[in-house]
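Trainee: Contents are TSV, C-alpha atoms; file name run04.tsv:
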```tsv
chain	number	residue	atom	x	y	z
A	278	MET	CA	152.75	0.22	259.28
A	279	ARG	CA	156.54	0.47	259.15
A	280	LYS	CA	159.33	-1.43	257.43
A	281	LEU	CA	160.94	-4.24	259.36
A	282	THR	CA	164.46	-3.32	260.44
A	283	HIS	CA	167.50	-5.27	259.32
A	284	LYS	CA	167.73	-6.64	262.87
A	285	GLU	CA	164.11	-7.82	262.83
A	286	LEU	CA	164.67	-9.49	259.45
A	287	GLN	CA	167.82	-11.18	260.73
A	288	GLU	CA	166.01	-12.52	263.80
A	289	VAL	CA	163.49	-14.52	261.77
A	290	ARG	CA	166.05	-15.90	259.32
A	291	LYS	CA	166.94	-19.52	259.68
A	292	THR	CA	170.60	-20.37	260.19
A	293	GLN	CA	172.37	-22.89	257.98
A	294	VAL	CA	172.20	-25.42	260.85
A	295	GLN	CA	168.43	-24.86	261.23
A	296	MET	CA	168.03	-25.28	257.47
A	297	GLU	CA	169.54	-28.76	257.70
A	298	SER	CA	166.66	-29.96	259.89
A	299	THR	CA	163.90	-28.00	258.09
A	300	VAL	CA	161.07	-29.96	256.48
A	301	ARG	CA	161.33	-29.09	252.80
A	302	PHE	CA	158.60	-28.88	250.17
A	303	PRO	CA	158.40	-32.12	248.11
A	304	ILE	CA	159.90	-30.49	245.02
A	305	ILE	CA	163.07	-31.27	243.09
A	306	SER	CA	164.13	-29.02	240.22
A	307	ILE	CA	166.20	-30.01	237.21
A	308	ILE	CA	167.80	-27.17	235.26
A	309	ASP	CA	169.01	-28.60	231.96
A	310	ASN	CA	171.32	-26.72	229.58
A	311	VAL	CA	170.64	-23.26	230.96
A	312	ARG	CA	173.66	-21.14	230.06
A	313	SER	CA	173.34	-17.88	232.01
A	314	LEU	CA	175.42	-17.74	235.20
A	315	TYR	CA	173.35	-14.90	236.66
A	316	ASN	CA	170.13	-16.84	236.08
A	317	ILE	CA	171.60	-19.90	237.81
A	318	GLY	CA	172.52	-17.78	240.82
A	319	SER	CA	169.02	-16.35	240.91
A	320	ILE	CA	167.56	-19.88	240.62
A	321	PHE	CA	169.61	-20.91	243.68
A	322	ARG	CA	168.24	-17.90	245.62
A	323	THR	CA	164.66	-18.74	244.62
A	324	SER	CA	165.22	-22.43	245.51
A	325	ASP	CA	166.30	-21.32	248.99
A	326	GLY	CA	163.21	-19.09	249.33
A	327	ALA	CA	160.90	-21.92	248.25
A	328	CYS	CA	162.79	-24.42	250.43
A	329	ILE	CA	162.83	-27.23	247.91
A	330	GLU	CA	164.41	-30.63	248.46
A	331	LYS	CA	167.07	-30.42	245.81
A	332	LEU	CA	168.31	-28.51	242.78
A	333	ILE	CA	169.87	-30.65	240.05
A	334	LEU	CA	171.98	-28.97	237.35
A	335	THR	CA	172.45	-30.98	234.17
A	336	GLY	CA	174.03	-30.74	230.73
A	337	PHE	CA	176.01	-27.55	230.15
A	338	THR	CA	174.30	-25.68	233.01
A	339	PRO	CA	177.17	-24.05	234.95
A	340	THR	CA	177.77	-25.01	238.59
A	341	PRO	CA	179.14	-23.25	241.68
A	342	PRO	CA	181.66	-21.98	242.52
A	343	ARG	CA	181.61	-19.18	239.91
A	344	LYS	CA	181.73	-15.54	240.87
A	345	GLU	CA	178.81	-14.63	238.57
A	346	ILE	CA	176.64	-17.33	240.20
A	347	ASP	CA	177.62	-16.12	243.68
A	348	LYS	CA	176.74	-12.54	242.74
A	349	THR	CA	173.04	-13.39	242.32
A	350	ALA	CA	172.87	-16.45	244.61
A	351	LEU	CA	173.94	-14.37	247.63
A	352	GLY	CA	175.09	-17.37	249.65
A	353	SER	CA	172.23	-19.72	248.78
A	354	THR	CA	174.61	-22.14	247.03
A	355	ASN	CA	175.47	-23.16	250.62
A	356	THR	CA	171.88	-23.63	251.83
A	357	VAL	CA	170.22	-25.37	248.87
A	358	PRO	CA	171.03	-29.10	248.48
A	359	TRP	CA	172.26	-29.47	244.89
A	360	GLU	CA	174.10	-31.80	242.58
A	361	TYR	CA	175.36	-31.93	239.02
A	362	SER	CA	174.80	-34.68	236.48
A	363	GLU	CA	175.76	-34.67	232.81
A	364	SER	CA	172.53	-36.29	231.67
A	365	PRO	CA	169.09	-35.61	233.17
A	366	ILE	CA	167.51	-38.78	231.71
A	367	THR	CA	168.80	-41.32	234.27
A	368	ILE	CA	167.87	-38.98	237.13
A	369	ILE	CA	164.37	-38.41	235.77
A	370	LYS	CA	163.76	-42.17	235.38
A	371	LYS	CA	164.95	-42.78	238.94
A	372	LEU	CA	162.80	-40.00	240.41
A	373	LYS	CA	159.82	-41.29	238.44
A	374	SER	CA	160.28	-44.79	239.86
A	375	ASN	CA	160.46	-43.21	243.32
A	376	GLY	CA	157.01	-41.65	242.86
A	377	TYR	CA	157.94	-38.15	241.73
A	378	LYS	CA	155.69	-36.69	239.04
A	379	ILE	CA	157.82	-35.33	236.20
A	380	ILE	CA	156.48	-31.87	235.33
A	381	VAL	CA	158.14	-30.22	232.37
A	382	VAL	CA	157.81	-26.47	231.91
A	383	GLU	CA	157.42	-26.13	228.17
A	384	MET	CA	154.90	-25.04	225.55
A	385	THR	CA	153.62	-28.25	223.97
A	386	THR	CA	150.50	-29.40	222.14
A	387	SER	CA	148.94	-30.31	225.49
A	388	SER	CA	150.47	-28.15	228.22
A	389	LYS	CA	148.23	-27.20	231.13
A	390	GLN	CA	148.35	-23.82	232.81
A	391	TYR	CA	150.85	-23.80	235.70
A	392	SER	CA	148.12	-22.52	238.02
A	393	LYS	CA	146.11	-25.74	237.56
A	394	LEU	CA	148.55	-27.87	239.58
A	395	LYS	CA	146.87	-29.96	242.29
A	396	MET	CA	148.02	-31.60	245.47
A	397	ASN	CA	148.20	-34.99	243.71
A	398	ASN	CA	150.88	-33.62	241.35
A	399	PHE	CA	153.32	-33.80	244.28
A	400	PRO	CA	156.00	-34.92	245.09
A	401	CYS	CA	157.25	-33.57	241.79
A	402	CYS	CA	160.31	-32.88	239.77
A	403	PHE	CA	160.07	-29.70	237.68
A	404	VAL	CA	162.25	-29.59	234.57
A	405	PHE	CA	163.34	-26.28	233.03
A	406	GLY	CA	165.34	-26.16	229.81
A	407	ASN	CA	167.54	-23.93	227.71
A	408	GLU	CA	166.71	-20.21	227.37
A	409	ILE	CA	166.34	-20.46	223.59
A	410	ILE	CA	165.40	-24.01	222.62
A	411	GLY	CA	163.63	-25.14	225.81
A	412	VAL	CA	163.41	-28.71	227.11
A	413	SER	CA	164.55	-31.57	224.83
A	414	PRO	CA	161.99	-33.93	223.23
A	415	GLU	CA	163.60	-36.91	225.05
A	416	ILE	CA	162.69	-35.33	228.39
A	417	ILE	CA	159.19	-34.39	227.24
A	418	GLU	CA	158.60	-38.08	226.40
A	419	LEU	CA	159.21	-38.92	230.07
A	420	ALA	CA	156.92	-36.17	231.40
A	421	ASP	CA	153.80	-36.94	233.41
A	422	LEU	CA	152.62	-33.41	232.71
A	423	CYS	CA	153.74	-30.34	230.79
A	424	ILE	CA	152.84	-26.92	232.13
A	425	GLU	CA	153.13	-23.40	230.77
A	426	ILE	CA	152.73	-19.86	232.02
A	427	PRO	CA	150.09	-18.14	229.86
A	428	MET	CA	151.57	-15.20	227.98
A	429	HIS	CA	149.17	-12.26	227.57
A	430	GLY	CA	151.45	-9.90	225.64
A	431	SER	CA	153.39	-9.99	222.40
A	432	LYS	CA	156.30	-12.22	223.53
A	433	HIS	CA	156.02	-15.98	223.95
A	434	SER	CA	158.22	-16.49	226.99
A	435	LEU	CA	159.69	-15.03	230.17
A	436	ASN	CA	163.23	-14.95	231.48
A	437	VAL	CA	164.01	-18.48	232.75
A	438	ALA	CA	164.78	-17.35	236.32
A	439	VAL	CA	161.52	-15.38	236.44
A	440	ALA	CA	159.52	-18.34	235.08
A	441	TYR	CA	161.24	-20.53	237.67
A	442	GLY	CA	160.12	-18.19	240.47
A	443	ILE	CA	156.53	-18.05	239.23
A	444	VAL	CA	156.19	-21.84	238.95
A	445	LEU	CA	157.92	-22.67	242.24
A	446	PHE	CA	156.01	-20.15	244.32
A	447	GLU	CA	152.72	-21.28	242.78
A	448	ALA	CA	153.64	-24.85	243.77
A	449	VAL	CA	154.42	-23.67	247.32
A	450	ARG	CA	151.14	-21.72	247.43
A	451	ILE	CA	149.21	-24.86	246.45
A	452	LEU	CA	151.10	-27.07	248.92
A	453	ASN	CA	150.34	-24.55	251.68
A	454	LEU	CA	146.58	-24.67	250.97
A	455	LYS	CA	146.30	-27.97	252.83
A	456	LYS	CA	147.67	-26.44	256.04
B	240	MET	CA	152.66	-34.45	223.42
B	241	ARG	CA	155.22	-32.50	221.42
B	242	LYS	CA	156.83	-29.09	221.65
B	243	LEU	CA	155.21	-26.30	219.72
B	244	THR	CA	157.33	-25.28	216.75
B	245	HIS	CA	158.74	-21.79	216.37
B	246	LYS	CA	156.19	-21.22	213.59
B	247	GLU	CA	153.28	-22.29	215.83
B	248	LEU	CA	154.53	-19.98	218.59
B	249	GLN	CA	154.86	-17.10	216.13
B	250	GLU	CA	151.32	-17.61	214.87
B	251	VAL	CA	149.73	-17.02	218.28
B	252	ARG	CA	151.91	-14.01	219.14
B	253	LYS	CA	150.22	-10.65	219.05
B	254	THR	CA	151.73	-8.02	216.79
B	255	GLN	CA	152.65	-4.59	218.10
B	256	VAL	CA	149.55	-3.17	216.35
B	257	GLN	CA	147.32	-5.80	217.98
B	258	MET	CA	148.89	-4.99	221.36
B	259	GLU	CA	147.77	-1.38	220.99
B	260	SER	CA	144.10	-2.42	221.01
B	261	THR	CA	144.45	-5.22	223.62
B	262	VAL	CA	142.48	-4.92	226.86
B	263	ARG	CA	145.15	-4.79	229.57
B	264	PHE	CA	144.99	-5.99	233.16
B	265	PRO	CA	144.18	-3.10	235.56
B	266	ILE	CA	147.71	-3.00	236.96
B	267	ILE	CA	150.31	-0.23	236.95
B	268	SER	CA	153.80	-0.92	238.28
B	269	ILE	CA	156.18	1.62	239.79
B	270	ILE	CA	159.83	0.58	239.98
B	271	ASP	CA	161.59	3.04	242.28
B	272	ASN	CA	165.38	3.27	242.61
B	273	VAL	CA	166.15	-0.18	241.20
B	274	ARG	CA	169.70	-0.02	239.89
B	275	SER	CA	170.26	-3.20	237.86
B	276	LEU	CA	169.88	-2.75	234.10
B	277	TYR	CA	169.38	-6.49	233.50
B	278	ASN	CA	166.62	-6.61	236.09
B	279	ILE	CA	164.87	-3.64	234.46
B	280	GLY	CA	164.99	-5.40	231.10
B	281	SER	CA	163.55	-8.54	232.67
B	282	ILE	CA	160.83	-6.45	234.38
B	283	PHE	CA	159.86	-5.05	230.94
B	284	ARG	CA	159.63	-8.60	229.54
B	285	THR	CA	157.47	-9.73	232.48
B	286	SER	CA	155.27	-6.63	232.13
B	287	ASP	CA	154.67	-7.58	228.50
B	288	GLY	CA	153.81	-11.16	229.49
B	289	ALA	CA	151.38	-9.96	232.17
B	290	CYS	CA	149.96	-7.31	229.81
B	291	ILE	CA	149.79	-4.53	232.39
B	292	GLU	CA	148.55	-0.99	231.71
B	293	LYS	CA	151.79	0.81	232.38
B	294	LEU	CA	155.30	0.53	233.82
B	295	ILE	CA	156.56	3.65	235.59
B	296	LEU	CA	160.28	3.98	236.33
B	297	THR	CA	161.20	6.47	239.05
B	298	GLY	CA	164.21	7.80	240.96
B	299	PHE	CA	167.53	6.44	239.75
B	300	THR	CA	165.95	3.44	237.99
B	301	PRO	CA	167.58	3.38	234.52
B	302	THR	CA	165.43	3.80	231.41
B	303	PRO	CA	165.58	2.56	227.81
B	304	PRO	CA	167.41	2.77	225.51
B	305	ARG	CA	170.35	0.98	227.15
B	306	LYS	CA	171.96	-2.08	225.60
B	307	GLU	CA	171.90	-4.01	228.91
B	308	ILE	CA	168.14	-3.35	229.27
B	309	ASP	CA	167.54	-4.41	225.67
B	310	LYS	CA	169.50	-7.63	226.24
B	311	THR	CA	166.95	-8.92	228.76
B	312	ALA	CA	163.87	-6.99	227.57
B	313	LEU	CA	164.07	-8.64	224.12
B	314	GLY	CA	161.99	-5.97	222.42
B	315	SER	CA	159.38	-5.50	225.14
B	316	THR	CA	160.45	-1.88	225.71
B	317	ASN	CA	158.46	-1.25	222.50
B	318	THR	CA	155.30	-3.10	223.56
B	319	VAL	CA	154.91	-2.08	227.22
B	320	PRO	CA	153.54	1.45	227.80
B	321	TRP	CA	156.07	3.12	230.11
B	322	GLU	CA	157.16	6.47	231.45
B	323	TYR	CA	159.83	7.95	233.69
B	324	SER	CA	159.32	10.33	236.59
B	325	GLU	CA	161.95	11.55	239.04
B	326	SER	CA	159.63	11.26	242.05
B	327	PRO	CA	157.05	8.51	242.57
B	328	ILE	CA	155.10	10.46	245.22
B	329	THR	CA	153.09	12.74	242.90
B	330	ILE	CA	152.25	9.81	240.64
B	331	ILE	CA	151.13	7.65	243.55
B	332	LYS	CA	148.85	10.41	244.91
B	333	LYS	CA	147.32	10.92	241.47
B	334	LEU	CA	146.73	7.18	240.91
B	335	LYS	CA	145.22	6.92	244.39
B	336	SER	CA	142.77	9.75	243.64
B	337	ASN	CA	141.87	7.92	240.43
B	338	GLY	CA	140.85	4.81	242.40
B	339	TYR	CA	144.01	2.71	242.14
B	340	LYS	CA	144.89	0.78	245.30
B	341	ILE	CA	148.52	1.41	246.19
B	342	ILE	CA	150.10	-1.97	246.98
B	343	VAL	CA	153.68	-1.81	248.19
B	344	VAL	CA	155.82	-4.95	248.03
B	345	GLU	CA	157.80	-4.73	251.25
B	346	MET	CA	158.25	-6.54	254.55
B	347	THR	CA	156.53	-4.35	257.14
B	348	THR	CA	154.95	-4.82	260.55
B	349	SER	CA	151.63	-5.61	258.85
B	350	SER	CA	152.31	-6.99	255.38
B	351	LYS	CA	149.87	-9.56	254.05
B	352	GLN	CA	150.92	-12.53	251.96
B	353	TYR	CA	150.91	-11.72	248.24
B	354	SER	CA	148.64	-14.71	247.60
B	355	LYS	CA	145.84	-13.14	249.66
B	356	LEU	CA	145.07	-10.45	247.10
B	357	LYS	CA	141.39	-10.20	246.20
B	358	MET	CA	139.45	-8.81	243.29
B	359	ASN	CA	138.63	-5.65	245.26
B	360	ASN	CA	142.37	-4.81	245.47
B	361	PHE	CA	142.17	-3.86	241.78
B	362	PRO	CA	142.78	-1.63	239.88
B	363	CYS	CA	146.11	-1.38	241.62
B	364	CYS	CA	149.52	0.15	241.47
B	365	PHE	CA	152.28	-2.16	242.70
B	366	VAL	CA	155.39	-0.44	244.03
B	367	PHE	CA	158.77	-2.21	244.05
B	368	GLY	CA	161.85	-0.58	245.59
B	369	ASN	CA	165.62	-0.75	245.68
B	370	GLU	CA	167.37	-4.16	245.71
B	371	ILE	CA	169.06	-3.44	249.05
B	372	ILE	CA	167.01	-0.92	251.02
B	373	GLY	CA	163.53	-1.60	249.61
B	374	VAL	CA	160.69	0.91	249.33
B	375	SER	CA	161.03	4.28	251.10
B	376	PRO	CA	158.98	5.06	254.25
B	377	GLU	CA	157.35	8.03	252.44
B	378	ILE	CA	155.83	5.62	249.91
B	379	ILE	CA	154.79	3.11	252.59
B	380	GLU	CA	152.82	5.92	254.29
B	381	LEU	CA	150.75	6.25	251.11
B	382	ALA	CA	150.12	2.49	250.77
B	383	ASP	CA	146.65	0.99	250.98
B	384	LEU	CA	148.27	-2.37	251.53
B	385	CYS	CA	151.73	-3.89	251.90
B	386	ILE	CA	152.35	-7.40	250.66
B	387	GLU	CA	155.24	-9.82	250.95
B	388	ILE	CA	156.29	-13.14	249.47
B	389	PRO	CA	156.78	-15.60	252.35
B	390	MET	CA	160.38	-16.80	252.53
B	391	HIS	CA	160.75	-20.42	253.61
B	392	GLY	CA	164.54	-20.71	253.52
B	393	SER	CA	167.47	-18.91	255.10
B	394	LYS	CA	167.43	-15.71	253.02
B	395	HIS	CA	164.91	-12.93	253.53
B	396	SER	CA	164.34	-11.85	249.96
B	397	LEU	CA	164.34	-12.79	246.27
B	398	ASN	CA	165.89	-11.11	243.27
B	399	VAL	CA	163.71	-8.07	242.46
B	400	ALA	CA	162.87	-9.23	238.92
B	401	VAL	CA	161.87	-12.68	240.24
B	402	ALA	CA	159.71	-11.15	243.00
B	403	TYR	CA	158.14	-8.91	240.35
B	404	GLY	CA	157.22	-11.95	238.24
B	405	ILE	CA	155.72	-13.84	241.18
B	406	VAL	CA	153.56	-10.91	242.31
B	407	LEU	CA	152.39	-9.91	238.84
B	408	PHE	CA	151.45	-13.39	237.70
B	409	GLU	CA	149.62	-14.03	240.97
B	410	ALA	CA	147.66	-10.81	240.33
B	411	VAL	CA	146.88	-12.00	236.79
B	412	ARG	CA	145.84	-15.43	238.12
B	413	ILE	CA	143.42	-13.78	240.56
B	414	LEU	CA	142.02	-11.42	237.93
B	415	ASN	CA	141.44	-14.39	235.61
B	416	LEU	CA	139.41	-16.26	238.25
B	417	LYS	CA	136.38	-14.10	237.50
B	418	LYS	CA	136.36	-15.15	233.86
```
I need this file expressed as structure tokens, please.
Mentor:
Amino acid sequence: MRKLTHKELQEVRKTQVQMESTVRFPIISIIDNVRSLYNIGSIFRTSDGACIEKLILTGFTPTPPRKEIDKTALGSTNTVPWEYSESPITIIKKLKSNGYKIIVVEMTTSSKQYSKLKMNNFPCCFVFGNEIIGVSPEIIELADLCIEIPMHGSKHSLNVAVAYGIVLFEAVRILNLKK
Amino acid sequence: MRKLTHKELQEVRKTQVQMESTVRFPIISIIDNVRSLYNIGSIFRTSDGACIEKLILTGFTPTPPRKEIDKTALGSTNTVPWEYSESPITIIKKLKSNGYKIIVVEMTTSSKQYSKLKMNNFPCCFVFGNEIIGVSPEIIELADLCIEIPMHGSKHSLNVAVAYGIVLFEAVRILNLKK
């Protein structure tokens, strides 16, 4: 067992042109009112790794180009399809009418564990909200499902970019089960 | 469906005293030569959320107290058992002789997907390495298993704190299946 060399890693990487014709996982992510530039960059990088359809930044979530975003996105702002919209509500209603399940990541009175997602929850639009106050009640009203990551320690939440990675890669794991 | 209030969230949180008597998941994490203070803080917060036995910082990985670590750890440096050691090798050999499987997170010639972990891979010690050059060959030689997170996009890796969250919560998901 030995580490793959930089050359070996480069050889299996898809180019930007290849990415344009790649079949993406049926996932759209909305990031609403997340303030941290470094977290947004990291969310871009994770969105590239999970090969989602689109990343939608809404509210006061910052957008590229910003040097702090680039620092953690490492070029993925060029490979992930993304857009900005001031309000997430119109987008959510449109996605819902197009058959996307709206899955809000938030601790509510009836959130399911994130690991209980099933194939029939896709295509989906995950919604992540502000680091402190979470997702707004108006968005929760539109949700088909709320999910949460069970916390086993003394804190009640994770860093938003870490939570994003856990939820997206669990979704990808589930979608890959059918293959 | 409504958001849980701050009071409701507080009520289910474990106190630091309760954490001391909590049964922890049979996981130890070694973070070797990771430079970013914010990532280390985030790794503490995730380690609290996954309720692992211990976090071991080695090499030039920074240690608390540092204000940048505290900013992202949000108090979890007080709830996660942790220690520092200059070299990870002695610790890994000792854990191995105590029955811990050494699971290195690295892209190697024979890494398995992280989602293929089984109950008999525990108790385990996960090893995460430097943001740029990864885990050292000396550590890989001691590994019982190397795992990787499959990358579906154009980049070959994730942010280290995000990768840490994905691997740890997958381990917790698997360990919870037996319940």
Trainee: So the first atom is atom CA of Phe299 of chain B and the second is atom CA of Val366 of chain B; what is the distance between them in Å, to one decimal place?
Mentor: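 We find that atom CA of Phe299 of chain B and atom CA of Val366 of chain B lie 14.6 Å from each other.
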Trainee: Find the residues in chain B near chain A: any atom within 6 Å counts, using only C-alpha atoms. Write them as a PyMOL selection string.
Mentor: chain B and resi 240-243+252-253+287-290+346-349+390-393+401+404-405
Trainee: Distance atom CA of Val381 of chain A-atom CA of Leu419 of chain A, one decimal place?
Mentor: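 About the pair atom CA of Val381 of chain A and atom CA of Leu419 of chain A: they are 9.1 Å apart.
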Trainee: Give the superposed chain B as a compact mmCIF listing (two decimals) with C-alpha atoms, keeping the file's coordinate frame, the fit being least squares on chain A over all ordered C-alpha pairs.
Mentor:
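Output file selection06.txt follows:
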```txt
# COMPACT_ATOMS: atom_id res chain seq x y z
CA MET B 240 152.77 0.22 259.28
CA ARG B 241 156.55 0.46 259.14
CA LYS B 242 159.34 -1.44 257.44
CA LEU B 243 160.94 -4.23 259.37
CA THR B 244 164.46 -3.31 260.45
CA HIS B 245 167.49 -5.27 259.33
CA LYS B 246 167.74 -6.63 262.89
CA GLU B 247 164.10 -7.82 262.85
CA LEU B 248 164.67 -9.50 259.48
CA GLN B 249 167.83 -11.18 260.77
CA GLU B 250 166.03 -12.51 263.82
CA VAL B 251 163.50 -14.52 261.80
CA ARG B 252 166.08 -15.89 259.34
CA LYS B 253 166.95 -19.53 259.70
CA THR B 254 170.60 -20.39 260.23
CA GLN B 255 172.38 -22.89 258.01
CA VAL B 256 172.19 -25.44 260.87
CA GLN B 257 168.44 -24.87 261.25
CA MET B 258 168.03 -25.28 257.48
CA GLU B 259 169.55 -28.75 257.72
CA SER B 260 166.67 -29.97 259.90
CA THR B 261 163.90 -28.00 258.11
CA VAL B 262 161.07 -29.96 256.48
CA ARG B 263 161.32 -29.08 252.78
CA PHE B 264 158.59 -28.88 250.17
CA PRO B 265 158.39 -32.12 248.11
CA ILE B 266 159.89 -30.49 245.02
CA ILE B 267 163.06 -31.27 243.09
CA SER B 268 164.13 -29.01 240.22
CA ILE B 269 166.21 -30.01 237.21
CA ILE B 270 167.80 -27.17 235.26
CA ASP B 271 169.02 -28.60 231.96
CA ASN B 272 171.33 -26.73 229.58
CA VAL B 273 170.65 -23.25 230.96
CA ARG B 274 173.67 -21.15 230.06
CA SER B 275 173.35 -17.88 232.00
CA LEU B 276 175.41 -17.75 235.20
CA TYR B 277 173.34 -14.90 236.66
CA ASN B 278 170.13 -16.83 236.08
CA ILE B 279 171.59 -19.90 237.81
CA GLY B 280 172.52 -17.78 240.81
CA SER B 281 169.01 -16.35 240.91
CA ILE B 282 167.55 -19.88 240.61
CA PHE B 283 169.60 -20.90 243.68
CA ARG B 284 168.24 -17.90 245.62
CA THR B 285 164.65 -18.75 244.61
CA SER B 286 165.21 -22.42 245.51
CA ASP B 287 166.28 -21.30 248.98
CA GLY B 288 163.20 -19.08 249.32
CA ALA B 289 160.90 -21.91 248.23
CA CYS B 290 162.78 -24.40 250.44
CA ILE B 291 162.82 -27.23 247.90
CA GLU B 292 164.40 -30.65 248.47
CA LYS B 293 167.06 -30.42 245.81
CA LEU B 294 168.31 -28.50 242.77
CA ILE B 295 169.87 -30.65 240.05
CA LEU B 296 171.97 -28.97 237.36
CA THR B 297 172.46 -30.98 234.16
CA GLY B 298 174.03 -30.73 230.71
CA PHE B 299 176.00 -27.55 230.14
CA THR B 300 174.30 -25.68 233.00
CA PRO B 301 177.18 -24.06 234.96
CA THR B 302 177.77 -25.02 238.59
CA PRO B 303 179.14 -23.26 241.68
CA PRO B 304 181.65 -21.97 242.52
CA ARG B 305 181.59 -19.19 239.91
CA LYS B 306 181.73 -15.53 240.87
CA GLU B 307 178.80 -14.63 238.57
CA ILE B 308 176.63 -17.33 240.20
CA ASP B 309 177.63 -16.13 243.67
CA LYS B 310 176.74 -12.54 242.74
CA THR B 311 173.05 -13.40 242.32
CA ALA B 312 172.86 -16.46 244.61
CA LEU B 313 173.94 -14.36 247.62
CA GLY B 314 175.07 -17.36 249.65
CA SER B 315 172.22 -19.71 248.76
CA THR B 316 174.60 -22.15 247.03
CA ASN B 317 175.46 -23.16 250.62
CA THR B 318 171.88 -23.64 251.83
CA VAL B 319 170.21 -25.37 248.86
CA PRO B 320 171.01 -29.09 248.48
CA TRP B 321 172.26 -29.46 244.89
CA GLU B 322 174.09 -31.81 242.58
CA TYR B 323 175.36 -31.93 239.01
CA SER B 324 174.79 -34.68 236.47
CA GLU B 325 175.77 -34.66 232.81
CA SER B 326 172.52 -36.29 231.67
CA PRO B 327 169.09 -35.61 233.17
CA ILE B 328 167.52 -38.78 231.71
CA THR B 329 168.80 -41.30 234.27
CA ILE B 330 167.87 -38.98 237.13
CA ILE B 331 164.38 -38.41 235.77
CA LYS B 332 163.76 -42.17 235.39
CA LYS B 333 164.97 -42.79 238.93
CA LEU B 334 162.81 -40.00 240.42
CA LYS B 335 159.83 -41.29 238.45
CA SER B 336 160.29 -44.80 239.87
CA ASN B 337 160.46 -43.22 243.32
CA GLY B 338 157.01 -41.65 242.86
CA TYR B 339 157.95 -38.14 241.74
CA LYS B 340 155.69 -36.69 239.04
CA ILE B 341 157.82 -35.33 236.21
CA ILE B 342 156.48 -31.87 235.34
CA VAL B 343 158.14 -30.22 232.37
CA VAL B 344 157.81 -26.46 231.92
CA GLU B 345 157.41 -26.14 228.17
CA MET B 346 154.87 -25.05 225.57
CA THR B 347 153.61 -28.27 223.98
CA THR B 348 150.50 -29.41 222.15
CA SER B 349 148.92 -30.31 225.50
CA SER B 350 150.47 -28.16 228.22
CA LYS B 351 148.23 -27.20 231.12
CA GLN B 352 148.37 -23.82 232.81
CA TYR B 353 150.84 -23.78 235.70
CA SER B 354 148.11 -22.52 238.02
CA LYS B 355 146.11 -25.74 237.58
CA LEU B 356 148.54 -27.86 239.58
CA LYS B 357 146.87 -29.95 242.28
CA MET B 358 148.03 -31.61 245.45
CA ASN B 359 148.21 -34.99 243.70
CA ASN B 360 150.90 -33.62 241.33
CA PHE B 361 153.32 -33.80 244.27
CA PRO B 362 155.98 -34.90 245.07
CA CYS B 363 157.25 -33.57 241.78
CA CYS B 364 160.31 -32.87 239.76
CA PHE B 365 160.07 -29.69 237.68
CA VAL B 366 162.25 -29.59 234.57
CA PHE B 367 163.35 -26.27 233.04
CA GLY B 368 165.35 -26.16 229.80
CA ASN B 369 167.55 -23.93 227.69
CA GLU B 370 166.72 -20.20 227.36
CA ILE B 371 166.35 -20.47 223.57
CA ILE B 372 165.41 -24.02 222.61
CA GLY B 373 163.63 -25.15 225.79
CA VAL B 374 163.41 -28.71 227.10
CA SER B 375 164.55 -31.58 224.83
CA PRO B 376 161.98 -33.95 223.23
CA GLU B 377 163.62 -36.92 225.04
CA ILE B 378 162.70 -35.34 228.39
CA ILE B 379 159.19 -34.40 227.24
CA GLU B 380 158.60 -38.09 226.40
CA LEU B 381 159.23 -38.92 230.07
CA ALA B 382 156.92 -36.17 231.40
CA ASP B 383 153.80 -36.94 233.40
CA LEU B 384 152.63 -33.43 232.70
CA CYS B 385 153.74 -30.33 230.79
CA ILE B 386 152.84 -26.92 232.13
CA GLU B 387 153.13 -23.41 230.77
CA ILE B 388 152.73 -19.86 232.02
CA PRO B 389 150.09 -18.14 229.87
CA MET B 390 151.57 -15.19 227.98
CA HIS B 391 149.18 -12.27 227.58
CA GLY B 392 151.43 -9.90 225.63
CA SER B 393 153.40 -10.01 222.41
CA LYS B 394 156.30 -12.22 223.53
CA HIS B 395 156.01 -15.97 223.96
CA SER B 396 158.21 -16.49 226.99
CA LEU B 397 159.70 -15.04 230.17
CA ASN B 398 163.24 -14.96 231.46
CA VAL B 399 164.02 -18.48 232.74
CA ALA B 400 164.78 -17.35 236.31
CA VAL B 401 161.51 -15.37 236.43
CA ALA B 402 159.51 -18.33 235.06
CA TYR B 403 161.23 -20.52 237.66
CA GLY B 404 160.11 -18.18 240.46
CA ILE B 405 156.51 -18.05 239.23
CA VAL B 406 156.19 -21.84 238.94
CA LEU B 407 157.91 -22.65 242.23
CA PHE B 408 156.00 -20.15 244.32
CA GLU B 409 152.72 -21.27 242.77
CA ALA B 410 153.65 -24.84 243.76
CA VAL B 411 154.43 -23.65 247.30
CA ARG B 412 151.13 -21.72 247.43
CA ILE B 413 149.21 -24.86 246.45
CA LEU B 414 151.10 -27.05 248.92
CA ASN B 415 150.34 -24.54 251.68
CA LEU B 416 146.59 -24.67 250.99
CA LYS B 417 146.32 -27.96 252.85
CA LYS B 418 147.70 -26.44 256.03
```
Trainee: Could you check the closest approach to Glu292 of chain B for each of B:Thr316, B:Leu276, B:Lys333, B:Ile267 and tell me which residue wins, using only C-alpha atoms?
Mentor: B:Ile267
Trainee: What is the atom CA of Tyr353 of chain B to atom CA of Glu288 of chain A distance in Å?
Mentor: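 Between atom CA of Tyr353 of chain B and atom CA of Glu288 of chain A the gap works out to 21.7 Å.
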Trainee: Determine the nearest neighbour of Asn310 of chain A from the options A:Ile369, A:Lys331, A:Asn407, A:Ile451, counting all atoms listed in the file.
Mentor: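 Between A:Ile369, A:Lys331, A:Asn407, A:Ile451, the residue approaching Asn310 of chain A most closely is A:Asn407.
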